[in-house]
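*Asks:* Supplied in structure tokens, the structure appears directly below.
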Amino acid sequence: MDAASRAEELRRLVEHHTERYYLLDDPEISDAEFDALVRELRALEDAHPELRTEESPTQKVGGRASTAFAEVRHRTPMMSLDNAFSFDELVAWGKRMERYIGVGGESQTGSGHVDYVCELKIDGIACSLLYEGGRYVRGATRGNGVVGEDVTENVRTIPVIPERLDGDAPDVLEVRGEVYMPVSAFEELNQRQGEAGLRLFANPRNSGAGSLRQKDPKVTARRDLRFWAYQLGEGPRFRRHSETLDYLKAAGLPVNPEVRTVGSLEDVFAYCENWLKHRHDLDYEIDGVVVKVDDLAQREELGSTSKSPRWAIAYKFPPEEATTVLKDIMVSIGRTGKATPFAQLEPVKVSGSTVQLATLHNQDQVRVKDVRPGDTVTVRKAGDVIPEVVAPVLSKRPEGLPEWSFPSECPVCHGPLIRIDGESDTFCVNVDCPAQRDGRIIHFASRGAMDIEGLGEKRVSQLTTAGLLSDPGDIYSLTYEALMGLEGFADISARNLLDAIAASKTRPLPSLLVGLSIRHLGGRGAEVLAEAFGHLDRILEASEEEMAATSGVGHVIAKSVCEFFALDRNREVVDKLRAAGVNFAGVERSTLPPTLAGKSVVVTGTLESMSRDKAVEAVKARGGSSPGSVSKKTAYLVAGAEPGQAKVTKAEECGVAVIDEAAFLHLLETGEVP
């Protein structure tokens with residue numbers, strides 16, 4: 001295809017996907033795939049300037065306004081930003097700013113130095129708010145940058161947007177920012193949708209956009225939308241952008257607390273790296289960082305193109321969503337017999353890795369999402385989280401594609417699959433199913449349980465196939481001679497595995513309880529039982545009522561533990577473990593003074609005197625608790641080196657004291673900070 005034909009095709013594709021994204025709130029491709037189309041078109045137009053037209057998508061902002069709403073002509077255009085997709089591109093932009101500002105050693109503003117304001121790029125809907133005499137009078141979407149949609153009454157339902165500004169307000173104030181839906185609100189909305197048997201929303205951005213653009217403001221009011229202000233379109237003049245943000249905050253408008261003003265590109269780099277690492281610590285989605293020149297006089301020097309200001313750029317994080325074809329839906333059987341559907345996909349690059357399999361959670365999720373083999377689907381992988389299928393792209397569904405039905409028999413042992421009344425999960429009820437057997441042994445040896453290095457999925461499968469393992473208790477009967485008879489074992493690997501097995505015998509009782517795969521019993525419940533009863537034998541002898549009376553256990557866990565140990569097959573495993581000398585005793589109660597009784601202490605960052613796990617143990621040994629997150633109930637946040645910025649910010653918002661390592665050590669000894 002020649003350059004002219006490809007450019008025409010790209011313009012058509014970009015226009016099509018722009019309409020689906022901005023106008024219909026129903027995208028067919030991911031943001032990253034859309035960005036790639038735009039970049040290719042821009043590169044073609046740069047190489048062949050004669051192909052560039054005023055109507056090209058590269059010369060326009062956003063999408064056209066919907067005819068369902070009255071039009072609003074913006075007092076000054078709402079421009080979009082150029083993007084950087086790597087740190088190299090971001091630094092190249094910054095160097096251009098500094099070269100231009102520093103021409104001749106001094107700029108028109110009197111200094112060649114550039115300060116930058118770094119802001120989180122909220123994945124929401126750009127919006128303009130108009131205040132007259134301090135009173136809110138109009139809300140509008142960005143639209144095509146010149147004309148947007150009048151969503152005044154819908155915006156009025158957003159609680160964080162004030163009806164009247166604080167302080168002395170000018171005659172006219174236009175505020176620009178981002179409307180968004182918090183992740184927690186999105187999850188609650190989808191839960192309600194699922195319970196009502198309605199189709200789930202794909203992501204917070206699209207559900208937020210759809211909520212803002214409801215014809216009935218009462219629907220918008222039920223959707224828990226929020227707003228961050230980040231710019232003045234019209235109003236008082238300041239010397240710096242950071243001063244503008246301070247003014248907006250003082251006027252009662254919500255300004256994101258993570259905004260930072262920095263003095264070098266190195267600091268910009270550090271800010272971006274930090275939020276790339278901690279993006280999922282937030283209750284709202286971000287897809288990058290916006291970097292702006294702080295000095296407003298310098299901005300005037302730099303000016304703008306027809307589409308974007310030269311003084312700002314959006315650094316886009318690697319994509320976490322992509323679209324691909326769902327080849328088939330299969331079912332896996334876990335250690336408890338739980339049957340979990342999963343998707344086989346055409347390989348696709350998501351969040352830096354190639355994804356071919358993704359979870360579909362359970363039978364109800366498949367039904368509510370209505371995904372079918374042959375669909376084009378959106379796949380999401382957030383950091384280290386297991387990839388999941390988010391939703392089908394209905395506009396690309398082949399005609400007549402049949403619904404998928406959950407199988408009635410186990411794909412491994414061919415026994416029946418049964419759905420328990422009142423639950424969303426389906427189970428293989430054959431406890432001798434090879435998949436369950438292997439799963440129980442793998443879990444027993446996992447890091448969260450007995451931590452037996454070298455006994456992973458492939459090795460367990462080899463050992464069960466060879467008849468050497470039938471349950472976790474058999475692990476301690478493995479011999480050097482038996483291992484040496486298997487493919488892949490040599491002297492060193494056999495001895496290493498046996499050493500790891502021997503070392504696991506001393507693991508604490510909570511690790512053993514977790515490793516036994518008792519339904520409903522997690523790490524915290526195992527710790528409570530081990531501390532309350534002190535020995536596995538006393539847990540075996542305890543009644544359901546005795547266990548349920550233990551604080552932190554309850555009737556569900558107590559019933560499950562009693563039922564587990566009532567089965568002869570599980571008692572046999574316990575006997576094997578006893579004969580092997582596995583530790584059954586719990587940790588002795590702490591004799592340290594309870595200096596932190598009733599206090600919650602959260603630890604973040606790296607401490608010099610102890611690991612984070614040891615710090616948590618030290619808090620608990622003194623009667624305190626140490627959850628993983630900060631709340632209003634937190635007494636102190638201990639911040640070591642490189643702390644989680646989201647935790648620090650949350651502590652500041654909740655009025656929680658942030659202390660350093662020295663103060664923490666003093667706190668452990670005395671119960672007070674110096």
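Labels used: A, B, ... for chains in the order of the structure tokens, numbers from 1 for residues in each chain, and numbers from 1 for ligands as shown.
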Considering only C-alpha atoms, return as a VMD selection string whatever protein or nucleic-acid residues lie within 10 Å of A:Met97, sequence-local ones (same chain, fewer than 6 positions apart) excluded.

*Replies:* chain A and resid 91 112 to 114 293 298 to 299 302 310 to 312

*Asks:* For the residues in that selection, give me N, CA and C atoms as a PDB file, in the first residue's frame.

*Replies:*
ATOM      1  N   VAL A  91      12.487  13.152  28.091  1.00  0.00           N
ATOM      2  CA  VAL A  91      13.694  13.949  28.309  1.00  0.00           C
ATOM      3  C   VAL A  91      13.989  14.816  27.092  1.00  0.00           C
ATOM      4  N   GLY A 112      17.171  31.266  32.223  1.00  0.00           N
ATOM      5  CA  GLY A 112      17.133  30.104  31.347  1.00  0.00           C
ATOM      6  C   GLY A 112      16.719  28.844  32.074  1.00  0.00           C
ATOM      7  N   HIS A 113      16.529  28.920  33.404  1.00  0.00           N
ATOM      8  CA  HIS A 113      16.153  27.749  34.186  1.00  0.00           C
ATOM      9  C   HIS A 113      14.666  27.447  34.023  1.00  0.00           C
ATOM     10  N   VAL A 114      14.330  26.145  34.000  1.00  0.00           N
ATOM     11  CA  VAL A 114      12.933  25.726  33.865  1.00  0.00           C
ATOM     12  C   VAL A 114      12.536  24.889  35.070  1.00  0.00           C
ATOM     13  N   VAL A 293       5.538  23.191  32.159  1.00  0.00           N
ATOM     14  CA  VAL A 293       6.425  24.281  32.558  1.00  0.00           C
ATOM     15  C   VAL A 293       5.678  25.116  33.589  1.00  0.00           C
ATOM     16  N   GLN A 298       7.192  31.949  30.724  1.00  0.00           N
ATOM     17  CA  GLN A 298       7.920  31.022  29.854  1.00  0.00           C
ATOM     18  C   GLN A 298       6.954  30.279  28.944  1.00  0.00           C
ATOM     19  N   ARG A 299       5.774  29.948  29.453  1.00  0.00           N
ATOM     20  CA  ARG A 299       4.769  29.283  28.615  1.00  0.00           C
ATOM     21  C   ARG A 299       4.397  30.167  27.422  1.00  0.00           C
ATOM     22  N   LEU A 302       6.904  29.902  24.747  1.00  0.00           N
ATOM     23  CA  LEU A 302       6.884  28.623  24.040  1.00  0.00           C
ATOM     24  C   LEU A 302       5.687  28.515  23.105  1.00  0.00           C
ATOM     25  N   ARG A 310       3.060  23.766  23.571  1.00  0.00           N
ATOM     26  CA  ARG A 310       4.429  23.251  23.553  1.00  0.00           C
ATOM     27  C   ARG A 310       4.972  23.081  24.967  1.00  0.00           C
ATOM     28  N   TRP A 311       4.351  23.766  25.947  1.00  0.00           N
ATOM     29  CA  TRP A 311       4.894  23.807  27.306  1.00  0.00           C
ATOM     30  C   TRP A 311       4.417  22.654  28.202  1.00  0.00           C
ATOM     31  N   ALA A 312       3.713  21.704  27.636  1.00  0.00           N
ATOM     32  CA  ALA A 312       3.243  20.554  28.429  1.00  0.00           C
ATOM     33  C   ALA A 312       3.303  19.294  27.587  1.00  0.00           C
TER      34      ALA A 312
END

*Asks:* Skip A:Pro398 itself and residues of its chain fewer than 3 positions away, then list as a list in words all residues within 12 Å of it, counting only C-alpha atoms.

*Replies:*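 Surrounding residues, per the criterion: Val325, Arg372, Pro373, Gly374, Asp375, Thr376, Pro392, Val393, Leu394, Ser395, Leu401, Pro402 and Glu403 of chain A.
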
*Asks:* What is the distance between atom CA of A:Leu51 and atom CA of A:Ala4, in Å to one decimal?

*Replies:*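 Separating atom CA of A:Leu51 from atom CA of A:Ala4 is a distance of 6.7 Å.
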
*Asks:* Can you pull out the residues contacting A:Arg519? Cut-off 10 Å, using only C-alpha atoms, and skip same-chain residues under 5 positions away; I want them as a VMD selection string.

*Replies:* chain A and resid 335 to 336 514 556 to 557 559 to 561 563 to 564

*Asks:* Between atom CA of A:Tyr315 and atom CA of A:Gly288, what is the spacing in Å?

*Replies:*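 Spanning atom CA of A:Gly288 to atom CA of A:Tyr315 is a straight-line distance of 5.4 Å.
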
*Asks:* May I ask which of the residues A:Asn154, A:Thr604, A:Gln436, A:Ser625 is the closest one to A:Ile659, counting only C-alpha atoms?

*Replies:*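 Checking each of A:Asn154, A:Thr604, A:Gln436, A:Ser625 against A:Ile659, counting only C-alpha atoms, the winner is A:Thr604.
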
*Asks:* Would you mind telling me which residue in A:Ile475, A:Val389, A:Leu665, A:Val350 lies nearest to A:Lys576 when using only C-alpha atoms?

*Replies:*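 Comparing A:Ile475, A:Val389, A:Leu665, A:Val350 against A:Lys576, the winner is A:Ile475.
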
*Asks:* From the set A:Leu357, A:Val117, A:Ala566, A:Ala36, which residue has the shortest atom-to-atom contact distance to A:Val268, counting only C-alpha atoms?

*Replies:*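 Nearest to A:Val268: A:Val117.
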
*Asks:* Quick one: pick out all strand (DSSP E) residues within stretch 336-472 of chain A from a backbone DSSP run and write them as a VMD selection string.

*Replies:* chain A and resid 338 to 350 353 to 359 376 to 380 388 to 392 417 to 419 426 to 428

*Asks:* Residues at most 6 Å from stretch 532-547 of chain A, counting only C-alpha atoms, excluding those fewer than 5 positions away in the same chain, as an MDAnalysis selection string?

*Replies:* chainID A and resid 558:559 584:586

*Asks:* Using only C-alpha atoms, find the one residue out of A:Pro319, A:Gly454, A:Gly655, A:Gly400 that sits nearest to A:Val379.

*Replies:*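 Among A:Pro319, A:Gly454, A:Gly655, A:Gly400, it is A:Pro319 that comes nearest to A:Val379.
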